[in-house]
file start-v1.pdb (PDB, C-alpha atoms, pLDDT in the B column)
ATOM      1  CA  MET A   1     -22.505  14.768 -12.698  1.00 64.00           C
ATOM      2  CA  GLU A   2     -20.057  12.529 -10.882  1.00 81.00           C
ATOM      3  CA  LYS A   3     -19.667  13.151  -7.153  1.00 93.00           C
ATOM      4  CA  VAL A   4     -16.047  13.907  -6.197  1.00 96.00           C
ATOM      5  CA  TYR A   5     -14.087  14.554  -3.023  1.00 97.00           C
ATOM      6  CA  LYS A   6     -11.558  17.372  -3.395  1.00 97.00           C
ATOM      7  CA  MET A   7      -8.302  17.249  -1.449  1.00 98.00           C
ATOM      8  CA  THR A   8      -4.668  18.280  -1.512  1.00 98.00           C
ATOM      9  CA  ILE A   9      -2.076  15.512  -1.300  1.00 98.00           C
ATOM     10  CA  ALA A  10       1.645  16.309  -1.160  1.00 98.00           C
ATOM     11  CA  GLY A  11       0.881  19.743  -2.613  1.00 98.00           C
ATOM     12  CA  CYS A  12      -1.215  18.343  -5.481  1.00 98.00           C
ATOM     13  CA  ASN A  13      -4.891  19.269  -5.741  1.00 98.00           C
ATOM     14  CA  ARG A  14      -6.951  16.256  -6.777  1.00 97.00           C
ATOM     15  CA  GLU A  15     -10.602  15.299  -7.223  1.00 97.00           C
ATOM     16  CA  LEU A  16     -11.308  11.728  -6.143  1.00 97.00           C
ATOM     17  CA  PRO A  17     -14.428  10.063  -7.558  1.00 96.00           C
ATOM     18  CA  VAL A  18     -16.831   8.926  -4.846  1.00 96.00           C
ATOM     19  CA  CYS A  19     -17.836   5.290  -5.432  1.00 93.00           C
ATOM     20  CA  PRO A  20     -20.374   3.050  -3.699  1.00 92.00           C
ATOM     21  CA  VAL A  21     -19.060   0.061  -1.732  1.00 89.00           C
ATOM     22  CA  ASP A  22     -22.572  -1.030  -0.745  1.00 90.00           C
ATOM     23  CA  ASP A  23     -25.925   0.570   0.152  1.00 93.00           C
ATOM     24  CA  LYS A  24     -24.491   2.048   3.360  1.00 94.00           C
ATOM     25  CA  LEU A  25     -20.992   3.176   2.384  1.00 93.00           C
ATOM     26  CA  ASP A  26     -19.221   5.188  -0.324  1.00 94.00           C
ATOM     27  CA  ILE A  27     -15.477   5.702  -0.618  1.00 95.00           C
ATOM     28  CA  ALA A  28     -13.385   8.281  -2.456  1.00 96.00           C
ATOM     29  CA  ALA A  29     -11.321   6.299  -4.962  1.00 94.00           C
ATOM     30  CA  PHE A  30      -7.636   7.206  -4.858  1.00 95.00           C
ATOM     31  CA  ILE A  31      -5.834   5.955  -7.966  1.00 92.00           C
ATOM     32  CA  MET A  32      -2.141   6.791  -8.368  1.00 93.00           C
ATOM     33  CA  PHE A  33      -1.749   4.882 -11.641  1.00 94.00           C
ATOM     34  CA  GLY A  34      -0.770   7.363 -14.344  1.00 94.00           C
ATOM     35  CA  ASP A  35      -0.322  10.307 -11.947  1.00 97.00           C
ATOM     36  CA  VAL A  36       3.456  10.744 -12.050  1.00 97.00           C
ATOM     37  CA  GLU A  37       3.453  14.150 -10.362  1.00 98.00           C
ATOM     38  CA  LEU A  38       1.482  12.909  -7.364  1.00 98.00           C
ATOM     39  CA  THR A  39       3.483   9.680  -7.141  1.00 98.00           C
ATOM     40  CA  GLU A  40       6.819  11.532  -7.087  1.00 98.00           C
ATOM     41  CA  ARG A  41       5.676  14.134  -4.566  1.00 98.00           C
ATOM     42  CA  ALA A  42       3.943  11.651  -2.270  1.00 98.00           C
ATOM     43  CA  ALA A  43       7.022   9.403  -2.283  1.00 98.00           C
ATOM     44  CA  ALA A  44       9.301  12.312  -1.365  1.00 98.00           C
ATOM     45  CA  GLU A  45       7.005  13.488   1.444  1.00 98.00           C
ATOM     46  CA  LEU A  46       6.577  10.000   2.874  1.00 98.00           C
ATOM     47  CA  LEU A  47      10.319   9.340   2.821  1.00 98.00           C
ATOM     48  CA  LYS A  48      10.828  12.439   4.997  1.00 98.00           C
ATOM     49  CA  LYS A  49       8.571  10.868   7.639  1.00 98.00           C
ATOM     50  CA  CYS A  50       9.738   7.241   7.464  1.00 98.00           C
ATOM     51  CA  PRO A  51      12.367   5.476   9.571  1.00 98.00           C
ATOM     52  CA  GLU A  52      15.578   4.124   8.068  1.00 98.00           C
ATOM     53  CA  HIS A  53      14.983   0.958   6.085  1.00 98.00           C
ATOM     54  CA  ASP A  54      16.802  -1.446   3.767  1.00 98.00           C
ATOM     55  CA  VAL A  55      13.913  -2.498   1.541  1.00 98.00           C
ATOM     56  CA  LEU A  56      10.285  -1.628   0.801  1.00 98.00           C
ATOM     57  CA  ILE A  57       7.431  -4.057   0.266  1.00 98.00           C
ATOM     58  CA  THR A  58       3.926  -3.617  -1.128  1.00 97.00           C
ATOM     59  CA  ALA A  59       1.116  -5.823  -2.377  1.00 93.00           C
ATOM     60  CA  GLU A  60       0.580  -6.324  -6.098  1.00 91.00           C
ATOM     61  CA  ALA A  61      -1.921  -3.524  -6.430  1.00 86.00           C
ATOM     62  CA  LYS A  62      -2.220   0.234  -6.692  1.00 90.00           C
ATOM     63  CA  GLY A  63       0.699   0.770  -4.285  1.00 92.00           C
ATOM     64  CA  ILE A  64       3.311  -0.448  -6.782  1.00 96.00           C
ATOM     65  CA  PRO A  65       4.071   2.943  -8.403  1.00 96.00           C
ATOM     66  CA  LEU A  66       4.483   4.531  -4.963  1.00 98.00           C
ATOM     67  CA  CYS A  67       6.715   1.714  -3.713  1.00 98.00           C
ATOM     68  CA  TYR A  68       8.864   1.894  -6.839  1.00 98.00           C
ATOM     69  CA  GLU A  69       9.227   5.675  -6.584  1.00 98.00           C
ATOM     70  CA  MET A  70      10.081   5.548  -2.875  1.00 98.00           C
ATOM     71  CA  ALA A  71      12.733   2.918  -3.642  1.00 98.00           C
ATOM     72  CA  ARG A  72      14.056   4.991  -6.550  1.00 98.00           C
ATOM     73  CA  GLN A  73      14.372   8.082  -4.360  1.00 98.00           C
ATOM     74  CA  GLY A  74      15.569   6.169  -1.305  1.00 97.00           C
ATOM     75  CA  CYS A  75      16.934   2.714  -0.532  1.00 97.00           C
ATOM     76  CA  ARG A  76      16.853   1.429  -4.156  1.00 97.00           C
ATOM     77  CA  GLN A  77      15.315  -1.933  -3.148  1.00 98.00           C
ATOM     78  CA  TYR A  78      11.695  -3.137  -3.191  1.00 98.00           C
ATOM     79  CA  VAL A  79       9.665  -6.338  -3.262  1.00 98.00           C
ATOM     80  CA  VAL A  80       6.109  -6.887  -4.478  1.00 97.00           C
ATOM     81  CA  ALA A  81       3.930  -9.513  -2.805  1.00 95.00           C
ATOM     82  CA  ARG A  82       2.161 -11.187  -5.731  1.00 94.00           C
ATOM     83  CA  LYS A  83      -1.561 -12.031  -5.941  1.00 89.00           C
ATOM     84  CA  GLY A  84      -0.869 -15.280  -7.775  1.00 89.00           C
ATOM     85  CA  VAL A  85       1.944 -17.763  -8.119  1.00 90.00           C
ATOM     86  CA  LYS A  86       3.901 -17.308 -11.346  1.00 90.00           C
ATOM     87  CA  LEU A  87       5.878 -20.061 -13.110  1.00 91.00           C
ATOM     88  CA  TYR A  88       9.186 -18.510 -12.120  1.00 92.00           C
ATOM     89  CA  MET A  89       8.318 -18.318  -8.402  1.00 92.00           C
ATOM     90  CA  ARG A  90      10.131 -21.114  -6.552  1.00 95.00           C
ATOM     91  CA  ASN A  91       8.903 -22.387  -3.161  1.00 94.00           C
ATOM     92  CA  PRO A  92       6.486 -19.521  -2.493  1.00 94.00           C
ATOM     93  CA  ILE A  93       5.053 -18.658   0.912  1.00 92.00           C
ATOM     94  CA  GLU A  94       1.488 -17.337   1.138  1.00 92.00           C
ATOM     95  CA  VAL A  95      -1.008 -15.502   3.346  1.00 90.00           C
ATOM     96  CA  GLU A  96      -4.702 -14.686   2.897  1.00 84.00           C
ATOM     97  CA  VAL A  97      -6.090 -11.137   2.660  1.00 74.00           C
ATOM     98  CA  LYS A  98      -9.550  -9.534   2.520  1.00 67.00           C
ATOM     99  CA  SER A  99      -9.622  -5.919   1.308  1.00 61.00           C
ATOM    100  CA  ILE A 100     -12.432  -3.336   1.325  1.00 56.00           C
ATOM    101  CA  THR A 101     -11.973  -2.766  -2.418  1.00 56.00           C
ATOM    102  CA  THR A 102     -11.925  -6.472  -3.380  1.00 58.00           C
ATOM    103  CA  ALA A 103     -15.058  -8.611  -3.305  1.00 61.00           C
ATOM    104  CA  HIS A 104     -13.398 -11.918  -2.485  1.00 68.00           C
ATOM    105  CA  LEU A 105     -10.670 -13.418  -0.328  1.00 79.00           C
ATOM    106  CA  GLN A 106      -7.252 -13.181  -1.947  1.00 81.00           C
ATOM    107  CA  LYS A 107      -3.822 -14.614  -1.266  1.00 89.00           C
ATOM    108  CA  LEU A 108      -0.448 -12.880  -1.392  1.00 92.00           C
ATOM    109  CA  TYR A 109       2.758 -14.734  -2.250  1.00 95.00           C
ATOM    110  CA  LEU A 110       6.508 -14.253  -2.037  1.00 96.00           C
ATOM    111  CA  ALA A 111       8.948 -16.450  -3.927  1.00 96.00           C
ATOM    112  CA  GLU A 112      11.865 -18.022  -2.100  1.00 96.00           C
ATOM    113  CA  ASN A 113      14.426 -15.559  -3.491  1.00 96.00           C
ATOM    114  CA  GLU A 114      12.246 -12.669  -2.244  1.00 96.00           C
ATOM    115  CA  TYR A 115      11.652 -13.972   1.254  1.00 96.00           C
ATOM    116  CA  ARG A 116      15.312 -14.909   1.620  1.00 96.00           C
ATOM    117  CA  PHE A 117      16.201 -11.352   0.511  1.00 97.00           C
ATOM    118  CA  LEU A 118      13.946  -9.890   3.237  1.00 98.00           C
ATOM    119  CA  GLN A 119      15.474 -12.045   5.978  1.00 97.00           C
ATOM    120  CA  GLY A 120      17.145  -9.849   8.594  1.00 98.00           C
ATOM    121  CA  LYS A 121      16.452  -6.641   6.640  1.00 98.00           C
ATOM    122  CA  ARG A 122      14.738  -3.482   7.941  1.00 98.00           C
ATOM    123  CA  VAL A 123      11.494  -3.544   5.976  1.00 98.00           C
ATOM    124  CA  LEU A 124       9.149  -0.631   5.344  1.00 98.00           C
ATOM    125  CA  ILE A 125       5.644  -1.634   4.259  1.00 98.00           C
ATOM    126  CA  VAL A 126       4.147   0.745   1.692  1.00 98.00           C
ATOM    127  CA  ASP A 127       0.620   1.107   0.300  1.00 95.00           C
ATOM    128  CA  ASP A 128      -1.415   3.802  -1.396  1.00 96.00           C
ATOM    129  CA  VAL A 129      -4.305   3.695   1.113  1.00 95.00           C
ATOM    130  CA  ILE A 130      -4.730   1.918   4.419  1.00 93.00           C
ATOM    131  CA  SER A 131      -8.383   1.412   5.291  1.00 90.00           C
ATOM    132  CA  THR A 132      -9.365  -1.729   7.187  1.00 85.00           C
ATOM    133  CA  GLY A 133      -5.737  -2.757   7.620  1.00 86.00           C
ATOM    134  CA  GLU A 134      -6.358  -6.238   6.193  1.00 85.00           C
ATOM    135  CA  SER A 135      -3.816  -5.884   3.369  1.00 86.00           C
ATOM    136  CA  LEU A 136      -1.324  -4.449   5.843  1.00 89.00           C
ATOM    137  CA  THR A 137      -1.832  -7.410   8.195  1.00 90.00           C
ATOM    138  CA  ALA A 138      -1.261  -9.846   5.335  1.00 90.00           C
ATOM    139  CA  ILE A 139       1.978  -8.162   4.260  1.00 94.00           C
ATOM    140  CA  GLU A 140       3.152  -8.071   7.885  1.00 95.00           C
ATOM    141  CA  ALA A 141       2.536 -11.830   8.087  1.00 92.00           C
ATOM    142  CA  LEU A 142       4.604 -12.383   4.929  1.00 94.00           C
ATOM    143  CA  VAL A 143       7.468 -10.232   6.222  1.00 96.00           C
ATOM    144  CA  ASN A 144       7.379 -12.048   9.564  1.00 95.00           C
ATOM    145  CA  LYS A 145       7.409 -15.457   7.805  1.00 93.00           C
ATOM    146  CA  ALA A 146      10.407 -14.244   5.819  1.00 95.00           C
ATOM    147  CA  GLY A 147      12.297 -13.153   8.933  1.00 96.00           C
ATOM    148  CA  GLY A 148      12.294  -9.456   8.048  1.00 98.00           C
ATOM    149  CA  ASN A 149      12.222  -6.687  10.653  1.00 98.00           C
ATOM    150  CA  ILE A 150       9.257  -4.357  10.095  1.00 98.00           C
ATOM    151  CA  VAL A 151      10.389  -0.807  10.874  1.00 98.00           C
ATOM    152  CA  GLY A 152       7.325   1.052   9.627  1.00 98.00           C
ATOM    153  CA  ARG A 153       4.047   1.106   7.748  1.00 98.00           C
ATOM    154  CA  ALA A 154       3.537   3.988   5.327  1.00 98.00           C
ATOM    155  CA  CYS A 155       0.725   5.088   3.038  1.00 97.00           C
ATOM    156  CA  VAL A 156      -0.394   8.197   1.233  1.00 98.00           C
ATOM    157  CA  LEU A 157      -3.914   8.199   2.714  1.00 98.00           C
ATOM    158  CA  ALA A 158      -5.309   6.739   5.936  1.00 97.00           C
ATOM    159  CA  GLU A 159      -8.982   6.036   5.314  1.00 96.00           C
ATOM    160  CA  GLY A 160     -11.663   6.168   7.999  1.00 94.00           C
ATOM    161  CA  ASP A 161     -10.576   4.948  11.434  1.00 94.00           C
ATOM    162  CA  SER A 162      -7.089   4.135  10.136  1.00 95.00           C
ATOM    163  CA  ALA A 163      -6.278   7.831  10.557  1.00 96.00           C
ATOM    164  CA  LYS A 164      -6.573   7.269  14.336  1.00 96.00           C
ATOM    165  CA  ARG A 165      -3.903   4.554  14.338  1.00 95.00           C
ATOM    166  CA  ASP A 166      -0.532   5.429  15.815  1.00 95.00           C
ATOM    167  CA  ASP A 167       1.352   2.639  14.039  1.00 96.00           C
ATOM    168  CA  ILE A 168       1.109   3.997  10.485  1.00 97.00           C
ATOM    169  CA  ILE A 169       2.749   6.926   8.735  1.00 98.00           C
ATOM    170  CA  TYR A 170       0.527   8.779   6.288  1.00 98.00           C
ATOM    171  CA  LEU A 171       0.238  12.097   4.491  1.00 98.00           C
ATOM    172  CA  GLU A 172      -3.506  12.801   4.704  1.00 98.00           C
ATOM    173  CA  PRO A 173      -6.666  11.348   6.247  1.00 98.00           C
ATOM    174  CA  LEU A 174      -9.419  10.234   3.863  1.00 97.00           C
ATOM    175  CA  PRO A 175     -13.006  10.139   5.156  1.00 96.00           C
ATOM    176  CA  LEU A 176     -15.525   7.406   4.546  1.00 95.00           C
ATOM    177  CA  PHE A 177     -18.946   8.506   3.340  1.00 94.00           C
ATOM    178  CA  PHE A 178     -21.770   6.790   5.226  1.00 92.00           C
ATOM    179  CA  LYS A 179     -25.267   6.889   3.745  1.00 88.00           C
ATOM    180  CA  GLY A 180     -28.411   7.573   5.789  1.00 77.00           C
TER     181      GLY A 180
END
call {"tool": "encode", "arguments": {"input": "start-v1.pdb", "output": "structure tokens"}}
result
Amino acid sequence: MEKVYKMTIAGCNRELPVCPVDDKLDIAAFIMFGDVELTERAAAELLKKCPEHDVLITAEAKGIPLCYEMARQGCRQYVVARKGVKLYMRNPIEVEVKSITTAHLQKLYLAENEYRFLQGKRVLIVDDVISTGESLTAIEALVNKAGGNIVGRACVLAEGDSAKRDDIIYLEPLPLFFKG
């Protein structure tokens, strides 16, 4: 039987599968893809806690549905930092990122039209989970390169020590599961 971590998020009861990261650490996997009810409720609850903003930004990952829904319910504008350069992306800027859920170093990119759009705007960074903060740091670097004004950092779950941070807005803490 699969080990799960039960929790309530934005009024939704969910069972998160517990997955090994390595021989010393397991994490509870939080996947919003396909969970419309949770995405809508989490977006609404986060928006109540977030400062005024002009645009949202997230990395090309599991935070996209949340970012979209927060934009739909709120400011109506969002940008996705891409994990690869696409043919249509002109004069991209890039930063490197290492995430707990990704085995290798990655890069995030914004096309010129996106970073020019962010310039001078109040930007809210959005993600599904903040754990080590590496993805957050990379997005902050992109927003700073673009000349945007970061007004907040929001996520559904703050994992491990991230729940102790005073610079992020989140709905629930998510524990890490250390072995022996």
call {"tool": "closest_residue", "arguments": {"input": "start-v1.pdb", "among": "A:Leu25, A:Val18, A:Leu142, A:Val97", "to": "Val79 of chain A", "atoms": "all atoms listed in the file"}}
result
A:Leu142
call {"tool": "closest_residue", "arguments": {"input": "start-v1.pdb", "among": "A:Ala163, A:Ile125, A:Ile9, A:Val151", "to": "Glu37 of chain A", "atoms": "only C-alpha atoms"}}
result
A:Ile9
call {"tool": "resolve_selection", "arguments": {"input": "start-v1.pdb", "expression": "the PyMOL selection byres ((chain A and resi 83) around 6)", "output": "PyMOL selection string"}}
result
chain A and resi 82+84+107-108
call {"tool": "atom_distance", "arguments": {"input": "start-v1.pdb", "atom1": "atom CA of Lys6 of chain A", "atom2": "atom CA of Tyr68 of chain A"}}
result
25.9 Å
call {"tool": "atom_distance", "arguments": {"input": "start-v1.pdb", "atom1": "atom CA of Pro173 of chain A", "atom2": "atom CA of Gly160 of chain A"}}
result
7.4 Å
call {"tool": "closest_residue", "arguments": {"input": "start-v1.pdb", "among": "A:Gly133, A:Pro92, A:Gly180, A:Pro65", "to": "Gly34 of chain A", "atoms": "all atoms listed in the file"}}
result
A:Pro65
call {"tool": "residues_around", "arguments": {"input": "start-v1.pdb", "residues": "Ala81 of chain A", "least_positions_apart": "6", "cutoff": "6 Å", "atoms": "all atoms listed in the file", "output": "PDB file with C-alpha atoms, keeping the file's coordinate frame"}}
result
ATOM      1  CA  ALA A  59       1.116  -5.823  -2.377  1.00 93.00           C
ATOM      2  CA  GLU A  60       0.580  -6.324  -6.098  1.00 91.00           C
ATOM      3  CA  LEU A 108      -0.448 -12.880  -1.392  1.00 92.00           C
ATOM      4  CA  TYR A 109       2.758 -14.734  -2.250  1.00 95.00           C
ATOM      5  CA  LEU A 110       6.508 -14.253  -2.037  1.00 96.00           C
TER       6      LEU A 110
END
call {"tool": "closest_residue", "arguments": {"input": "start-v1.pdb", "among": "A:Ile169, A:Ala29, A:Cys155, A:Val55", "to": "Asp128 of chain A", "atoms": "all atoms listed in the file"}}
result
A:Cys155
call {"tool": "closest_residue", "arguments": {"input": "start-v1.pdb", "among": "A:Val129, A:Ile168, A:Gly11, A:Arg41", "to": "Ile64 of chain A", "atoms": "all atoms listed in the file"}}
result
A:Val129
call {"tool": "closest_residue", "arguments": {"input": "start-v1.pdb", "among": "A:Glu40, A:Glu52, A:Val4, A:Ile93", "to": "Gln73 of chain A", "atoms": "only C-alpha atoms"}}
result
A:Glu40
call {"tool": "atom_distance", "arguments": {"input": "start-v1.pdb", "atom1": "atom CA of Val126 of chain A", "atom2": "atom CA of Ala10 of chain A"}}
result
16.0 Å
